[in-house]
>>> print(open('entry_6.cif').read())   # mmCIF, C-alpha atoms and all ligand atoms
data_work
#
loop_
_atom_site.label_atom_id
_atom_site.label_comp_id
_atom_site.auth_asym_id
_atom_site.auth_seq_id
_atom_site.Cartn_x
_atom_site.Cartn_y
_atom_site.Cartn_z
CA GLY P 1 -7.99 27.19 12.84
CA LEU P 2 -9.52 25.59 9.79
CA LYS P 3 -11.07 22.21 10.41
CA LYS P 4 -9.41 19.46 8.40
CA LYS P 5 -11.54 17.21 6.22
CA GLU P 6 -12.05 13.82 7.90
CA VAL P 7 -11.28 10.80 5.71
CA ASN P 8 -11.29 7.04 6.26
CA VAL P 9 -8.45 5.03 4.79
CA LEU P 10 -8.33 1.25 4.61
CA CYS P 11 -4.85 -0.29 4.91
CA LEU P 12 -4.73 -3.73 3.25
CA GLY P 13 -2.19 -6.30 2.10
CA LEU P 14 -0.97 -9.75 3.08
CA ASP P 15 0.18 -10.51 6.60
CA ASN P 16 3.77 -9.49 7.31
CA SER P 17 3.82 -6.97 4.43
CA GLY P 18 4.41 -4.07 6.84
CA LYS P 19 1.04 -2.32 7.13
CA THR P 20 1.21 -1.68 10.85
CA THR P 21 4.86 -0.59 10.58
CA ILE P 22 3.91 1.95 7.90
CA ILE P 23 0.95 3.32 9.85
CA ASN P 24 3.07 3.46 12.97
CA GLN P 25 5.61 5.61 11.13
CA LEU P 26 2.87 8.01 10.08
CA LYS P 27 1.43 8.43 13.56
CA PRO P 28 1.88 11.71 15.46
CA SER P 29 4.59 10.55 17.87
CA ASN P 30 6.92 10.27 14.89
CA LEU P 31 5.64 12.86 12.44
CA SER P 32 4.64 16.01 14.23
CA LEU P 33 7.15 15.96 17.09
CA TYR P 34 10.30 14.80 15.42
CA GLY P 35 9.67 14.70 11.71
CA PRO P 36 9.62 11.45 9.78
CA LEU P 37 12.73 9.39 10.50
CA SER P 38 15.04 12.30 11.28
CA ASP P 39 18.31 10.72 12.32
CA ASP P 40 18.21 12.04 15.89
CA TRP P 41 15.02 10.20 16.57
CA ARG P 42 15.53 7.11 14.50
CA HIS P 43 16.04 5.07 17.68
CA VAL P 44 12.65 6.25 18.95
CA SER P 45 10.83 4.99 15.90
CA GLN P 46 12.87 1.80 16.02
CA THR P 47 11.75 1.03 19.53
CA GLN P 48 8.23 1.65 18.35
CA THR P 49 8.52 -0.67 15.37
CA GLN P 50 10.13 -3.39 17.49
CA ASP P 51 6.93 -3.64 19.52
CA ILE P 52 4.79 -4.34 16.48
CA VAL P 53 3.05 -7.72 16.55
CA PRO P 54 0.77 -9.31 13.95
CA THR P 55 -2.54 -7.50 13.94
CA ILE P 56 -5.57 -9.41 15.21
CA GLY P 57 -8.72 -8.33 13.36
CA PHE P 58 -7.88 -4.63 12.88
CA ASN P 59 -6.68 -1.51 14.64
CA ILE P 60 -7.90 2.02 14.19
CA GLU P 61 -5.25 4.75 14.06
CA LYS P 62 -5.41 8.49 13.47
CA PHE P 63 -3.00 10.97 11.97
CA LYS P 64 -3.15 14.27 10.13
CA SER P 65 -1.62 15.65 6.98
CA SER P 66 -1.58 19.36 6.15
CA SER P 67 -5.17 19.35 4.92
CA LEU P 68 -6.71 16.04 5.98
CA SER P 69 -7.50 14.22 9.19
CA PHE P 70 -7.01 10.49 8.55
CA THR P 71 -8.72 7.61 10.32
CA VAL P 72 -6.90 4.47 9.22
CA PHE P 73 -8.32 0.98 9.52
CA ASP P 74 -5.16 -1.11 9.80
CA MET P 75 -6.49 -4.56 8.90
CA SER P 76 -4.92 -7.92 9.64
CA GLY P 77 -3.57 -9.55 6.49
CA GLN P 78 -3.80 -13.11 7.79
CA SER P 79 -6.02 -15.21 5.56
CA ARG P 80 -8.48 -15.98 8.34
CA TYR P 81 -9.16 -12.23 8.76
CA ARG P 82 -9.16 -11.14 5.11
CA ASN P 83 -12.96 -11.61 4.91
CA LEU P 84 -13.24 -8.58 7.22
CA TRP P 85 -11.79 -6.27 4.57
CA GLU P 86 -14.87 -5.98 2.36
CA HIS P 87 -17.07 -4.72 5.18
CA TYR P 88 -15.12 -1.45 5.19
CA TYR P 89 -14.98 -0.63 1.46
CA LYS P 90 -18.20 1.38 1.48
CA GLU P 91 -17.17 3.83 4.17
CA SER P 92 -13.60 4.30 2.93
CA HIS P 93 -12.29 7.24 0.91
CA ALA P 94 -9.04 5.58 -0.16
CA ILE P 95 -7.08 2.35 0.00
CA ILE P 96 -3.46 1.80 0.94
CA PHE P 97 -2.33 -1.59 -0.36
CA VAL P 98 1.02 -2.83 0.94
CA ILE P 99 3.15 -5.39 -0.88
CA ASP P 100 6.19 -7.17 0.58
CA SER P 101 8.70 -6.75 -2.26
CA GLY P 102 10.82 -9.57 -0.85
CA ASP P 103 8.05 -12.16 -0.70
CA LYS P 104 8.32 -13.57 -4.20
CA LEU P 105 6.52 -16.80 -3.23
CA ARG P 106 3.35 -14.98 -2.24
CA MET P 107 3.44 -12.19 -4.86
CA VAL P 108 0.74 -14.07 -6.78
CA VAL P 109 -1.42 -14.26 -3.64
CA ALA P 110 -1.01 -10.50 -3.12
CA LYS P 111 -2.03 -9.93 -6.74
CA GLU P 112 -5.11 -12.13 -6.31
CA GLU P 113 -6.17 -10.20 -3.22
CA LEU P 114 -5.65 -6.89 -5.04
CA ASP P 115 -7.67 -8.12 -8.03
CA THR P 116 -10.48 -9.31 -5.75
CA LEU P 117 -10.48 -5.94 -4.02
CA LEU P 118 -10.56 -3.91 -7.23
CA ASN P 119 -13.36 -6.06 -8.68
CA HIS P 120 -15.56 -5.97 -5.57
CA GLN P 121 -19.00 -4.49 -6.22
CA ASP P 122 -18.47 -1.81 -3.57
CA MET P 123 -15.21 -0.75 -5.24
CA CYS P 124 -15.52 -0.99 -8.99
CA SER P 125 -18.18 1.67 -9.47
CA ARG P 126 -16.21 4.28 -7.52
CA ARG P 127 -13.26 6.49 -8.26
CA MET P 128 -11.45 5.54 -5.07
CA PRO P 129 -7.73 6.33 -4.97
CA VAL P 130 -5.50 3.30 -4.38
CA LEU P 131 -1.98 3.85 -3.04
CA LEU P 132 0.40 0.91 -3.41
CA PHE P 133 3.50 0.61 -1.28
CA ALA P 134 6.15 -1.77 -2.65
CA ASN P 135 7.45 -2.13 0.90
CA LYS P 136 10.69 -3.67 2.18
CA SER P 137 12.60 -2.13 -0.71
CA ASP P 138 15.65 -2.34 1.56
CA LEU P 139 15.83 -6.14 1.26
CA ARG P 140 18.58 -7.38 -1.03
CA GLU P 141 16.13 -9.78 -2.68
CA ALA P 142 13.45 -7.09 -3.10
CA MET P 143 11.75 -6.92 -6.45
CA SER P 144 11.89 -3.53 -8.10
CA SER P 145 8.72 -1.41 -8.05
CA ASN P 146 9.50 -0.21 -11.51
CA ILE P 147 11.63 -0.94 -14.52
CA LYS P 148 14.23 1.68 -13.80
CA ASP P 149 16.95 0.92 -16.29
CA LYS P 150 14.77 0.77 -19.40
CA PRO P 151 12.12 2.93 -21.03
CA TRP P 152 8.74 1.24 -20.68
CA HIS P 153 5.15 1.85 -21.54
CA ILE P 154 1.86 0.12 -20.94
CA CYS P 155 -1.09 0.23 -23.30
CA ALA P 156 -4.40 -1.57 -23.17
CA SER P 157 -4.98 -3.65 -26.26
CA ASN P 158 -7.73 -5.72 -27.80
CA ALA P 159 -5.91 -7.79 -30.38
CA VAL P 160 -9.13 -9.32 -31.76
CA LYS P 161 -10.41 -5.87 -32.72
CA GLY P 162 -6.92 -4.47 -33.29
CA GLU P 163 -7.39 -1.77 -30.68
CA GLY P 164 -4.44 -0.18 -28.90
CA LEU P 165 -1.87 -1.90 -31.07
CA GLN P 166 -0.95 1.11 -33.20
CA GLU P 167 -0.32 3.12 -30.04
CA GLY P 168 2.11 0.44 -28.92
CA VAL P 169 3.97 0.33 -32.22
CA ASP P 170 4.11 4.14 -32.29
CA TRP P 171 5.70 4.10 -28.87
CA LEU P 172 8.22 1.46 -29.91
CA GLN P 173 9.10 3.47 -32.99
CA ASP P 174 9.80 6.52 -30.85
CA HIS P 175 11.98 4.64 -28.38
CA ILE P 176 14.12 2.30 -30.45
CA ARG P 177 17.54 3.74 -31.04
P1 LIG D 1 -0.31 -8.26 9.79
O1 LIG D 1 -0.74 -7.34 10.88
O2 LIG D 1 -0.08 -9.66 10.27
O3 LIG D 1 -1.24 -8.23 8.61
O4 LIG D 1 1.14 -7.75 9.25
P2 LIG D 1 1.56 -6.26 8.85
O5 LIG D 1 1.33 -6.07 7.39
O6 LIG D 1 0.93 -5.27 9.75
O7 LIG D 1 3.14 -6.31 9.06
P3 LIG D 1 3.98 -5.64 10.25
O8 LIG D 1 3.91 -4.15 10.17
O9 LIG D 1 3.58 -6.28 11.53
O10 LIG D 1 5.48 -6.04 9.83
C1 LIG D 1 5.86 -7.40 9.68
C2 LIG D 1 7.37 -7.50 9.78
O11 LIG D 1 7.99 -6.86 8.67
C3 LIG D 1 7.93 -6.84 11.02
O12 LIG D 1 8.98 -7.66 11.52
C4 LIG D 1 8.50 -5.53 10.50
O13 LIG D 1 9.57 -5.04 11.27
C5 LIG D 1 8.95 -5.92 9.11
N1 LIG D 1 8.98 -4.78 8.17
C6 LIG D 1 8.01 -3.87 7.93
N2 LIG D 1 8.37 -2.98 6.97
C7 LIG D 1 9.62 -3.34 6.60
C8 LIG D 1 10.55 -2.81 5.63
O14 LIG D 1 10.30 -1.84 4.90
N3 LIG D 1 11.74 -3.47 5.53
C9 LIG D 1 12.06 -4.54 6.29
N4 LIG D 1 13.25 -5.10 6.11
N5 LIG D 1 11.21 -5.07 7.18
C10 LIG D 1 10.01 -4.48 7.35
MG MG D 2 -0.48 -5.38 11.22
#
>>> encode(input="entry_6.cif", output="structure tokens")
Amino acid sequence: GLKKKEVNVLCLGLDNSGKTTIINQLKPSNLSLYGPLSDDWRHVSQTQTQDIVPTIGFNIEKFKSSSLSFTVFDMSGQSRYRNLWEHYYKESHAIIFVIDSGDKLRMVVAKEELDTLLNHQDMCSRRMPVLLFANKSDLREAMSSNIKDKPWHICASNAVKGEGLQEGVDWLQDHIR
């Protein structure tokens, strides 16, 4: 059949955010044989996720989508290993960044790491897709990934020059009832 395009994906985020659990769910033993999380096989994936331990350094995993063949670098999020991340930016085609929605204390650390990543010289000149997972959305204390109960809008503004402000006021005007 047709050969799938080979892509490298870098999976990043703080330790304990759920990177390895996510990648494990995407791996062939779950996806192609049983379908993702079909109820009959939920226990299979649960035994798999129970075995997951904190990643040391990184692991390399492979899985396929309908048109792509993914090689995922599942990095450790522990602070002592985070300096490994930048060595893989150049050869990556996309980033998956995982956030623990329940970890309010370290949300600011996750943001700092994401900022550092996006501003890295190997990243900022490229149009590399970044997928964010607001993971652990099942936790009762999880922060919402979105403002769901209100209309919202983001616009870039430069208040010194007055740029972007009219757009914001226009949007407000259209949404105030
Ligand atoms: P490092 O390898 O240390 O960087 O961590 P990691 O990001 O790979 O996290 P890992 O996948 O090892 O998961 C850490 C813990 O979070 C495990 O106990 C998982 O079972 C748990 N976990 C992962 N995803 C979820 C989720 O969506 N909800 C809940 N409640 N727990 C999760
Ligand atoms: Mg891991």
>>> closest_residue(input="entry_6.cif", among="P:Phe97, P:Trp171, P:Tyr88, P:Phe58", to="Gly13 in chain P", atoms="only C-alpha atoms")
P:Phe97
>>> residues_near_ligand(input="entry_6.cif", ligand="ligand MG 2 (chain D)", cutoff="6 Å", atoms="only C-alpha atoms and all ligand atoms", output="PyMOL selection string")
chain P and resi 19-20+54-55+76
>>> closest_atom_pairs(input="entry_6.cif", of="chain P", to="ligand LIG 1 (chain D)", cutoff="7 Å", atoms="all atoms listed in the file", output="Markdown table")
| residue | atom | partner | partner_atom | distance |
| --- | --- | --- | --- | --- |
| P:Gly13 | CA | D:LIG1 | O5 | 6.4 |
| P:Leu14 | CA | D:LIG1 | O3 | 5.7 |
| P:Asp15 | CA | D:LIG1 | O3 | 3.4 |
| P:Asn16 | CA | D:LIG1 | O7 | 3.7 |
| P:Ser17 | CA | D:LIG1 | O5 | 4.0 |
| P:Gly18 | CA | D:LIG1 | O8 | 3.4 |
| P:Lys19 | CA | D:LIG1 | O5 | 3.8 |
| P:Thr20 | CA | D:LIG1 | O8 | 3.7 |
| P:Thr21 | CA | D:LIG1 | O8 | 3.7 |
| P:Ile22 | CA | D:LIG1 | O8 | 6.5 |
| P:Thr49 | CA | D:LIG1 | O13 | 6.1 |
| P:Gln50 | CA | D:LIG1 | O13 | 6.5 |
| P:Ile52 | CA | D:LIG1 | O9 | 5.5 |
| P:Val53 | CA | D:LIG1 | O9 | 5.2 |
| P:Pro54 | CA | D:LIG1 | O2 | 3.8 |
| P:Thr55 | CA | D:LIG1 | O1 | 3.6 |
| P:Ile56 | CA | D:LIG1 | O1 | 6.8 |
| P:Met75 | CA | D:LIG1 | O3 | 6.4 |
| P:Ser76 | CA | D:LIG1 | O3 | 3.8 |
| P:Gly77 | CA | D:LIG1 | O3 | 3.4 |
| P:Gln78 | CA | D:LIG1 | O3 | 5.6 |
| P:Asn135 | CA | D:LIG1 | O14 | 4.9 |
| P:Lys136 | CA | D:LIG1 | O14 | 3.3 |
| P:Ser137 | CA | D:LIG1 | O14 | 6.1 |
| P:Asp138 | CA | D:LIG1 | N3 | 5.7 |
| P:Leu139 | CA | D:LIG1 | N4 | 5.6 |
>>> residues_around(input="entry_6.cif", residues="range 123-132 of chain P", least_positions_apart="4", cutoff="6 Å", atoms="all atoms listed in the file", output="list in words")
Ala94, Ile95, Ile96, Phe97, Val98, Leu118 and Asn119 of chain P
>>> residues_near_point(input="entry_6.cif", point="(-8.2, 16.8, 8.9)", cutoff="10 Å", atoms="only C-alpha atoms", output="list in words")
Leu2, Lys3, Lys4, Lys5, Glu6, Val7, Lys62, Phe63, Lys64, Ser65, Ser66, Ser67, Leu68, Ser69, Phe70 and Thr71 of chain P
>>> atom_distance(input="entry_6.cif", atom1="CA of Ala156 in chain P", atom2="CA of Leu117 in chain P")
20.6 Å
>>> atom_distance(input="entry_6.cif", atom1="CA of Met143 in chain P", atom2="CA of Val72 in chain P")
26.9 Å
>>> atom_distance(input="entry_6.cif", atom1="CA of Gly168 in chain P", atom2="CA of Leu114 in chain P")
26.2 Å
>>> residues_around(input="entry_6.cif", residues="Ala134 in chain P", least_positions_apart="5", cutoff="7 Å", atoms="only C-alpha atoms", output="ChimeraX atom specification")
/P:98-101,145
